[in-house]
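Below: my_file_24.cif (mmCIF, C-alpha atoms)
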data_coords
loop_
_atom_site.label_atom_id
_atom_site.label_comp_id
_atom_site.auth_asym_id
_atom_site.auth_seq_id
_atom_site.Cartn_x
_atom_site.Cartn_y
_atom_site.Cartn_z
CA MET A 9 -53.73 -32.59 17.33
CA ASN A 10 -54.26 -34.29 14.00
CA ALA A 11 -51.54 -35.31 11.54
CA THR A 12 -52.18 -32.31 9.33
CA GLY A 13 -51.57 -29.92 12.26
CA ASN A 14 -48.39 -31.72 13.21
CA ASN A 15 -47.11 -31.46 9.64
CA ILE A 16 -47.83 -27.71 9.57
CA ASN A 17 -45.99 -27.14 12.86
CA MET A 18 -43.01 -29.19 11.70
CA GLY A 19 -42.94 -27.23 8.45
CA ARG A 20 -42.91 -23.95 10.38
CA ILE A 21 -40.10 -25.16 12.65
CA LYS A 22 -38.02 -26.18 9.64
CA LEU A 23 -38.72 -22.85 7.92
CA PHE A 24 -37.72 -20.81 11.00
CA THR A 25 -34.62 -22.96 11.45
CA ILE A 26 -33.54 -22.38 7.85
CA LEU A 27 -34.23 -18.63 8.13
CA GLY A 28 -32.25 -18.49 11.36
CA LEU A 29 -29.28 -20.23 9.77
CA LEU A 30 -29.41 -17.94 6.75
CA PHE A 31 -29.57 -14.86 8.98
CA GLY A 32 -26.58 -16.11 10.95
CA MET A 33 -24.59 -16.68 7.76
CA VAL A 34 -25.39 -13.16 6.57
CA LEU A 35 -24.14 -11.72 9.87
CA ILE A 36 -20.91 -13.72 9.62
CA ILE A 37 -20.30 -12.70 6.01
CA PHE A 38 -20.93 -9.01 6.67
CA GLY A 39 -18.92 -9.14 9.85
CA PHE A 40 -15.92 -10.57 7.96
CA LYS A 41 -16.31 -8.02 5.19
CA ASP A 42 -16.47 -5.23 7.75
CA LYS A 43 -13.28 -6.43 9.38
CA ILE A 44 -11.40 -6.06 6.11
CA ALA A 45 -12.92 -2.91 4.69
CA GLN A 46 -14.21 -0.85 7.59
CA PRO A 47 -11.64 -0.10 10.29
CA LYS A 48 -12.93 1.24 13.62
CA SER A 49 -11.74 4.80 12.98
CA ASN A 50 -13.16 5.01 9.49
CA ASN A 51 -14.38 8.61 9.42
CA LEU A 52 -12.86 9.39 6.05
CA SER A 53 -14.20 8.73 2.60
CA TYR A 54 -12.73 8.91 -0.88
CA SER A 55 -13.72 9.42 -4.48
CA ILE A 56 -11.96 8.36 -7.66
CA GLU A 57 -11.10 11.50 -9.63
CA ASN A 58 -9.24 9.79 -12.46
CA ARG A 59 -7.94 6.36 -13.38
CA TRP A 60 -5.38 5.07 -15.87
CA GLU A 61 -5.32 1.47 -17.09
CA LEU A 62 -1.75 0.38 -17.65
CA PRO A 63 -0.14 -1.78 -20.35
CA PHE A 64 0.58 -5.47 -19.78
CA ASP A 65 4.17 -4.87 -18.64
CA LEU A 66 2.79 -2.96 -15.65
CA ARG A 67 0.09 -5.45 -14.67
CA GLU A 68 2.13 -6.15 -11.52
CA ILE A 69 3.00 -2.53 -10.83
CA SER A 70 4.42 -2.01 -7.35
CA GLY A 71 6.06 1.27 -6.28
CA ILE A 72 5.45 4.69 -7.83
CA ALA A 73 7.08 8.10 -7.43
CA TRP A 74 6.04 11.51 -8.75
CA LEU A 75 8.12 13.21 -11.42
CA GLU A 76 7.60 16.64 -12.92
CA ASP A 77 5.18 17.51 -15.73
CA GLY A 78 2.52 14.94 -14.83
CA LYS A 79 4.77 11.92 -15.08
CA ILE A 80 5.19 9.01 -12.71
CA ALA A 81 8.14 6.67 -12.28
CA ALA A 82 7.07 3.08 -11.61
CA VAL A 83 8.60 -0.32 -11.00
CA GLN A 84 7.04 -3.76 -11.15
CA ASP A 85 8.01 -6.80 -9.15
CA GLU A 86 9.75 -8.86 -11.82
CA ASP A 87 12.01 -6.79 -14.08
CA GLY A 88 14.82 -4.34 -13.35
CA ILE A 89 13.14 -1.55 -15.26
CA ILE A 90 11.93 1.93 -14.30
CA PHE A 91 8.88 2.84 -16.36
CA ILE A 92 8.18 6.53 -16.94
CA TYR A 93 4.42 6.85 -17.35
CA ASP A 94 2.93 10.06 -18.78
CA LEU A 95 -0.48 10.69 -17.23
CA LYS A 96 -1.39 13.31 -19.83
CA MET A 97 -0.55 11.08 -22.78
CA ASN A 98 -1.81 7.87 -21.12
CA GLN A 99 1.27 5.92 -22.10
CA VAL A 100 4.70 4.70 -21.08
CA GLU A 101 7.12 7.33 -22.32
CA LYS A 102 10.37 5.55 -21.48
CA GLU A 103 11.76 2.32 -20.05
CA ILE A 104 15.00 2.51 -18.10
CA ASN A 105 16.90 -0.71 -17.46
CA PHE A 106 18.83 -0.73 -14.20
CA GLY A 107 19.34 -4.38 -13.22
CA GLN A 108 18.66 -8.07 -13.53
CA PRO A 109 15.16 -9.52 -12.96
CA GLY A 110 14.23 -9.44 -9.28
CA ASP A 111 11.51 -8.64 -6.78
CA TYR A 112 11.46 -4.84 -6.96
CA GLU A 113 8.82 -3.21 -4.80
CA GLY A 114 9.39 0.48 -4.03
CA ILE A 115 10.82 3.54 -5.77
CA ALA A 116 11.83 7.05 -4.69
CA VAL A 117 13.32 9.85 -6.77
CA ASN A 118 15.67 12.58 -5.57
CA GLY A 119 16.59 14.91 -8.41
CA THR A 120 18.53 12.92 -11.00
CA ASP A 121 18.87 9.89 -8.75
CA ALA A 122 16.35 7.09 -8.32
CA TYR A 123 16.26 4.53 -5.52
CA VAL A 124 14.59 1.14 -5.75
CA MET A 125 13.71 -1.18 -2.87
CA ARG A 126 14.20 -4.90 -3.36
CA SER A 127 12.16 -7.27 -1.19
CA ASP A 128 15.32 -8.65 0.46
CA GLY A 129 16.02 -5.21 1.97
CA ALA A 130 18.62 -4.06 -0.55
CA ILE A 131 18.35 -0.49 -1.84
CA LEU A 132 19.55 0.12 -5.39
CA ALA A 133 20.78 3.66 -6.06
CA ILE A 134 20.57 4.55 -9.75
CA HIS A 135 22.56 7.75 -10.27
CA ASN A 136 21.58 9.88 -13.28
CA PHE A 137 18.83 7.33 -13.85
CA GLU A 138 17.45 8.95 -17.01
CA ASP A 139 20.85 9.23 -18.72
CA SER A 140 22.68 6.63 -20.76
CA ASP A 141 25.70 6.84 -18.44
CA ARG A 142 23.68 5.93 -15.34
CA THR A 143 25.43 3.95 -12.62
CA VAL A 144 23.96 1.55 -10.08
CA LYS A 145 25.14 0.87 -6.54
CA ILE A 146 23.54 -1.55 -4.08
CA TYR A 147 23.28 -0.78 -0.37
CA LYS A 148 22.40 -3.44 2.17
CA THR A 149 20.12 -2.85 5.14
CA PRO A 150 19.65 -5.07 8.21
CA PHE A 151 16.43 -6.37 6.65
CA THR A 152 16.13 -9.61 4.66
CA ASP A 153 13.62 -11.62 2.65
CA GLU A 154 11.96 -12.63 5.92
CA ASN A 155 10.98 -9.01 6.54
CA ASN A 156 9.57 -8.76 2.99
CA MET A 157 10.45 -5.13 2.25
CA GLU A 158 8.22 -3.11 -0.06
CA THR A 159 8.12 0.53 1.09
CA LEU A 160 10.38 3.36 0.00
CA GLU A 161 9.89 7.13 0.25
CA LEU A 162 12.14 10.18 0.07
CA ASP A 163 12.11 12.25 3.26
CA VAL A 164 13.55 15.59 2.16
CA ASP A 165 13.63 17.05 5.68
CA ARG A 166 15.74 14.16 7.01
CA ASN A 167 17.72 13.71 3.77
CA SER A 168 16.80 10.05 4.10
CA LEU A 169 14.75 7.25 2.61
CA LEU A 170 11.94 5.88 4.77
CA ILE A 171 11.37 2.12 4.82
CA SER A 172 9.16 -0.25 6.80
CA PRO A 173 8.91 -4.07 6.89
CA LYS A 174 5.81 -5.68 5.45
CA ASP A 175 6.11 -8.75 7.65
CA ARG A 176 7.85 -9.08 11.00
CA ASP A 177 9.78 -6.15 12.36
CA SER A 178 13.31 -6.90 13.51
CA SER A 179 12.68 -6.73 17.24
CA SER A 180 8.96 -7.20 17.96
CA ASP A 181 5.64 -8.33 16.50
CA SER A 182 3.81 -5.68 18.53
CA PHE A 183 4.75 -2.79 16.26
CA LYS A 184 5.78 -1.87 12.73
CA GLY A 185 8.66 0.56 12.61
CA VAL A 186 9.36 3.23 10.03
CA TYR A 187 13.13 3.46 9.63
CA ALA A 188 15.35 6.15 8.10
CA PHE A 189 18.13 5.24 5.66
CA SER A 190 20.52 8.21 5.51
CA LEU A 191 21.46 9.46 2.05
CA VAL A 192 24.61 10.91 3.62
CA THR A 193 26.01 7.90 5.48
CA LYS A 194 24.18 5.29 3.35
CA GLU A 195 23.25 3.47 6.54
CA MET A 196 19.97 2.75 8.29
CA ALA A 197 19.38 3.95 11.83
CA THR A 198 18.99 1.03 14.23
CA GLU A 199 15.97 2.58 15.96
CA PRO A 200 12.79 3.43 14.05
CA ILE A 201 11.74 7.06 13.81
CA ILE A 202 8.12 5.91 14.22
CA LYS A 203 6.54 2.88 15.86
CA ILE A 204 3.02 1.88 14.80
CA ASN A 205 1.46 -0.08 17.63
CA MET A 206 -0.37 -3.12 16.27
CA THR A 207 -2.76 -2.94 19.25
CA ASP A 208 -3.68 0.70 18.62
CA GLU A 209 -7.39 1.40 19.08
CA ALA A 210 -7.71 2.42 15.42
CA LEU A 211 -6.53 -1.06 14.40
CA GLU A 212 -8.62 -3.00 16.93
CA ARG A 213 -11.08 -4.41 14.42
CA LEU A 214 -8.27 -5.31 12.06
CA LYS A 215 -6.24 -7.26 14.58
CA GLU A 216 -4.99 -10.63 13.36
CA ASN A 217 -4.06 -13.71 15.38
CA ASP A 218 -0.51 -13.18 14.13
CA LEU A 219 -0.18 -9.65 15.45
CA TYR A 220 2.35 -8.50 12.86
CA LYS A 221 -0.20 -9.21 10.10
CA THR A 222 -2.59 -6.59 11.48
CA PHE A 223 -0.98 -4.08 9.13
CA ARG A 224 1.45 -5.04 6.36
CA PRO A 225 2.71 -1.92 4.56
CA SER A 226 3.20 -2.11 0.81
CA ASP A 227 4.30 1.52 0.41
CA LEU A 228 4.32 4.90 2.13
CA ALA A 229 4.30 8.55 1.11
CA ILE A 230 4.70 11.91 2.84
CA HIS A 231 2.06 14.54 2.14
CA PRO A 232 4.01 17.50 0.67
CA LYS A 233 2.02 20.13 2.58
CA THR A 234 0.83 18.60 5.86
CA LYS A 235 3.88 16.28 6.27
CA GLU A 236 1.50 13.51 7.36
CA ILE A 237 2.65 9.99 6.53
CA TYR A 238 0.34 7.77 4.48
CA LEU A 239 0.96 4.02 4.71
CA LEU A 240 -0.71 1.67 2.27
CA GLU A 241 -1.44 -2.05 2.55
CA GLY A 242 -2.04 -4.21 -0.51
CA ALA A 243 -2.79 -7.62 1.04
CA LYS A 244 -6.05 -6.47 2.67
CA PRO A 245 -6.42 -3.05 1.07
CA LYS A 246 -6.30 -0.26 3.62
CA LEU A 247 -4.63 3.05 4.38
CA LEU A 248 -3.19 4.48 7.61
CA ILE A 249 -2.58 8.18 8.13
CA LEU A 250 -0.03 9.31 10.71
CA ASP A 251 0.35 12.89 11.89
CA VAL A 252 3.64 14.78 11.76
CA ASN A 253 4.62 13.29 15.12
CA GLY A 254 3.99 9.73 13.93
CA SER A 255 0.77 9.19 15.88
CA LEU A 256 -1.92 7.15 14.12
CA LYS A 257 -4.75 9.48 13.14
CA ASN A 258 -6.90 7.23 11.08
CA ALA A 259 -7.25 3.82 9.45
CA TYR A 260 -9.71 2.95 6.72
CA GLY A 261 -10.25 0.38 4.03
CA PHE A 262 -10.52 0.29 0.27
CA ASP A 263 -13.00 -1.61 -1.86
CA ARG A 264 -11.08 -4.64 -3.17
CA LYS A 265 -13.06 -4.49 -6.43
CA LEU A 266 -11.60 -1.03 -7.09
CA PHE A 267 -8.15 -1.76 -5.62
CA PRO A 268 -7.41 -5.51 -5.91
CA GLN A 269 -3.87 -5.07 -4.58
CA PRO A 270 -2.75 -1.47 -3.99
CA GLU A 271 1.05 -1.50 -3.95
CA GLY A 272 2.23 2.06 -4.58
CA ILE A 273 1.40 5.54 -3.32
CA THR A 274 2.70 9.03 -4.14
CA PHE A 275 1.72 12.69 -4.08
CA SER A 276 2.13 15.46 -6.60
CA PRO A 277 3.56 18.72 -5.18
CA ASP A 278 0.07 20.19 -4.74
CA GLY A 279 -1.00 17.25 -2.55
CA THR A 280 -2.92 15.23 -5.14
CA LEU A 281 -2.89 11.56 -4.13
CA TYR A 282 -2.12 8.71 -6.53
CA ILE A 283 -2.30 4.98 -5.78
CA SER A 284 -1.17 2.14 -8.03
CA SER A 285 -2.78 -1.29 -7.88
CA GLU A 286 -1.85 -4.59 -9.47
CA GLY A 287 -4.36 -6.15 -11.83
CA GLU A 288 -6.42 -9.01 -10.41
CA ASN A 289 -5.94 -12.32 -12.24
CA ASP A 290 -5.68 -11.21 -15.87
CA GLY A 291 -6.85 -7.66 -15.16
CA LYS A 292 -4.86 -4.53 -15.90
CA GLY A 293 -2.75 -2.65 -13.42
CA THR A 294 -3.99 0.85 -12.64
CA ILE A 295 -2.95 4.25 -11.34
CA THR A 296 -5.78 6.07 -9.59
CA GLU A 297 -6.09 9.70 -8.57
CA LEU A 298 -7.99 9.89 -5.29
CA LYS A 299 -9.65 12.63 -3.29
CA LEU A 300 -10.04 12.06 0.45
CA TRP A 301 -12.33 13.94 2.79
CA ASP A 302 -13.57 13.79 6.35
CA LYS A 303 -17.18 12.66 6.80
CA LYS A 304 -17.70 14.82 9.89
#
Could you write out this file's structure as structure tokens?
Amino acid sequence: MNATGNNINMGRIKLFTILGLLFGMVLIIFGFKDKIAQPKSNNLSYSIENRWELPFDLREISGIAWLEDGKIAAVQDEDGIIFIYDLKMNQVEKEINFGQPGDYEGIAVNGTDAYVMRSDGAILAIHNFEDSDRTVKIYKTPFTDENNMETLELDVDRNSLLISPKDRDSSSDSFKGVYAFSLVTKEMATEPIIKINMTDEALERLKENDLYKTFRPSDLAIHPKTKEIYLLEGAKPKLLILDVNGSLKNAYGFDRKLFPQPEGITFSPDGTLYISSEGENDGKGTITELKLWDKK
């Protein structure tokens, strides 16, 4: 074979090699993306029905809780302030100071009382939170900074607050527990009411080398009609849905461009779902109204 033929063959080999490498890189990239955004049991989809861009003070919005008349109570993870946001007026209606600066992550409202979760596991009870004579009392739980607490939800049926560790659970890396903090005794039950198995089939494609990182809840909410439990993760945006018995029904991911860091979740009484997300870099925090449906 002459030199020209050899050069052509070598050129083809190089071309096929480059194409093969590029194809392999594409598979790796899409495989990684799929691991984050497309859990194995993803047979649900969602649409954005409405979205509110929040003022600068709420760029790092964390927990949210539904109030009456289209208003949402929110906290952010730096200041001891409850923000009352009016969805109809698209503005913060009121700011309620309840404590010193700190890492505040979750909020729940029970009548005239508000409860705020601090990342070290302390629950702040703000009695008559909207009045000038409000009082604040701090309750300790067995959790600490190492557990990195973010979730808080009112469970009316149990007369309790539901909480779950973002990082390691107290007793095992193989599950994340949902624990009940009694509003009567002001103590947390030692055993979780629900255990989410980190090796559940629905989480298989999300499994991390550090098992406890497979799902890291940033907030949870109880559907007012079905009583299903919705658990949100902000680190790698995803949502788990548990049935009334605590069994994992479904796991699916969110587009990080739409939800850079979803930190709060709540329902209105009619079952409308709202999720709050921190702003990415210098972006604005948001509250989003979502509609979910089954693809089947």
What is the atom CA of Asp128 of chain A-atom CA of Ile283 of chain A distance in Å, reported with one decimal? 23.1 Å
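Listed by chain and then by number, the residues chosen by the PyMOL selection byres ((chain A and resi 88) around 6) in this file are Asp87, Ile89, Asn105, Phe106, Gly107, Gln108 and Pro109 of chain A.
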Just-selected residues, C-alpha atoms written as a compact mmCIF listing (two decimals), in the coordinates of the input:
# COMPACT_ATOMS: atom_id res chain seq x y z
CA ASP A 87 12.01 -6.79 -14.08
CA ILE A 89 13.14 -1.55 -15.26
CA ASN A 105 16.90 -0.71 -17.46
CA PHE A 106 18.83 -0.73 -14.20
CA GLY A 107 19.34 -4.38 -13.22
CA GLN A 108 18.66 -8.07 -13.53
CA PRO A 109 15.16 -9.52 -12.96
Once the PyMOL selection byres ((chain A and resi 101) around 12) is applied to the coordinates I shared, what remains selected? I want it as a PDB file with C-alpha atoms, in the frame of the given file.
ATOM      1  CA  PRO A  63      -0.140  -1.780 -20.350  1.00  0.00           C
ATOM      2  CA  GLY A  78       2.520  14.940 -14.830  1.00  0.00           C
ATOM      3  CA  LYS A  79       4.770  11.920 -15.080  1.00  0.00           C
ATOM      4  CA  ILE A  80       5.190   9.010 -12.710  1.00  0.00           C
ATOM      5  CA  ALA A  81       8.140   6.670 -12.280  1.00  0.00           C
ATOM      6  CA  ALA A  82       7.070   3.080 -11.610  1.00  0.00           C
ATOM      7  CA  ILE A  90      11.930   1.930 -14.300  1.00  0.00           C
ATOM      8  CA  PHE A  91       8.880   2.840 -16.360  1.00  0.00           C
ATOM      9  CA  ILE A  92       8.180   6.530 -16.940  1.00  0.00           C
ATOM     10  CA  TYR A  93       4.420   6.850 -17.350  1.00  0.00           C
ATOM     11  CA  ASP A  94       2.930  10.060 -18.780  1.00  0.00           C
ATOM     12  CA  LEU A  95      -0.480  10.690 -17.230  1.00  0.00           C
ATOM     13  CA  LYS A  96      -1.390  13.310 -19.830  1.00  0.00           C
ATOM     14  CA  MET A  97      -0.550  11.080 -22.780  1.00  0.00           C
ATOM     15  CA  ASN A  98      -1.810   7.870 -21.120  1.00  0.00           C
ATOM     16  CA  GLN A  99       1.270   5.920 -22.100  1.00  0.00           C
ATOM     17  CA  VAL A 100       4.700   4.700 -21.080  1.00  0.00           C
ATOM     18  CA  LYS A 102      10.370   5.550 -21.480  1.00  0.00           C
ATOM     19  CA  GLU A 103      11.760   2.320 -20.050  1.00  0.00           C
ATOM     20  CA  ILE A 104      15.000   2.510 -18.100  1.00  0.00           C
ATOM     21  CA  GLU A 138      17.450   8.950 -17.010  1.00  0.00           C
TER      22      GLU A 138
END
Could you give me, as a compact mmCIF listing (two decimals) with C-alpha atoms, in the coordinates of the input, the residues within 8 Å of segment 191-204 of chain A, counting all atoms listed in the file and dropping anything in the same chain fewer than 2 positions from it?
# COMPACT_ATOMS: atom_id res chain seq x y z
CA TYR A 147 23.28 -0.78 -0.37
CA THR A 149 20.12 -2.85 5.14
CA PRO A 150 19.65 -5.07 8.21
CA ASN A 167 17.72 13.71 3.77
CA SER A 168 16.80 10.05 4.10
CA LEU A 169 14.75 7.25 2.61
CA PHE A 183 4.75 -2.79 16.26
CA LYS A 184 5.78 -1.87 12.73
CA GLY A 185 8.66 0.56 12.61
CA VAL A 186 9.36 3.23 10.03
CA TYR A 187 13.13 3.46 9.63
CA ALA A 188 15.35 6.15 8.10
CA PHE A 189 18.13 5.24 5.66
CA MET A 206 -0.37 -3.12 16.27
CA ASP A 208 -3.68 0.70 18.62
CA GLY A 254 3.99 9.73 13.93
CA SER A 255 0.77 9.19 15.88
CA LEU A 256 -1.92 7.15 14.12
Using the chain letters and numbers from the file, give me the residues hit by the PyMOL selection byres ((chain A and resi 246) around 8), as an MDAnalysis selection string. chainID A and resid 45 240:242 244:245 247:248 259:262
Could you turn the residues from that selection into a file that holds C-alpha atoms, as a PDB file, in the coordinates of the input?
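Output (out_34.pdb):
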ATOM      1  CA  ALA A  45     -12.920  -2.910   4.690  1.00  0.00           C
ATOM      2  CA  LEU A 240      -0.710   1.670   2.270  1.00  0.00           C
ATOM      3  CA  GLU A 241      -1.440  -2.050   2.550  1.00  0.00           C
ATOM      4  CA  GLY A 242      -2.040  -4.210  -0.510  1.00  0.00           C
ATOM      5  CA  LYS A 244      -6.050  -6.470   2.670  1.00  0.00           C
ATOM      6  CA  PRO A 245      -6.420  -3.050   1.070  1.00  0.00           C
ATOM      7  CA  LEU A 247      -4.630   3.050   4.380  1.00  0.00           C
ATOM      8  CA  LEU A 248      -3.190   4.480   7.610  1.00  0.00           C
ATOM      9  CA  ALA A 259      -7.250   3.820   9.450  1.00  0.00           C
ATOM     10  CA  TYR A 260      -9.710   2.950   6.720  1.00  0.00           C
ATOM     11  CA  GLY A 261     -10.250   0.380   4.030  1.00  0.00           C
ATOM     12  CA  PHE A 262     -10.520   0.290   0.270  1.00  0.00           C
TER      13      PHE A 262
END
Go through A:Leu160, A:Ala229, A:Leu214, A:Leu219 and flag the residue nearest Thr274 of chain A, using all atoms listed in the file for the distances. A:Ala229
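With all atoms listed in the file taken into account, the protein and nucleic acid residues at most 9 Å from Ile230 of chain A (excluding it and anything under 6 positions from it in its own chain) are Glu161, Leu162, Asp163, Glu236, Ile237, Tyr238, Leu239, Thr274 and Phe275 of chain A.
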Include C-alpha atoms and write out the residues we just selected as a tab-separated table (two decimals), in the frame of the given file.
chain	number	residue	atom	x	y	z
A	161	GLU	CA	9.89	7.13	0.25
A	162	LEU	CA	12.14	10.18	0.07
A	163	ASP	CA	12.11	12.25	3.26
A	236	GLU	CA	1.50	13.51	7.36
A	237	ILE	CA	2.65	9.99	6.53
A	238	TYR	CA	0.34	7.77	4.48
A	239	LEU	CA	0.96	4.02	4.71
A	274	THR	CA	2.70	9.03	-4.14
A	275	PHE	CA	1.72	12.69	-4.08
Nearest residue to Glu57 of chain A out of A:Tyr282, A:Val83, A:Gly110, A:Glu288, using all atoms listed in the file?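 Closest to Glu57 of chain A, using all atoms listed in the file: A:Tyr282.
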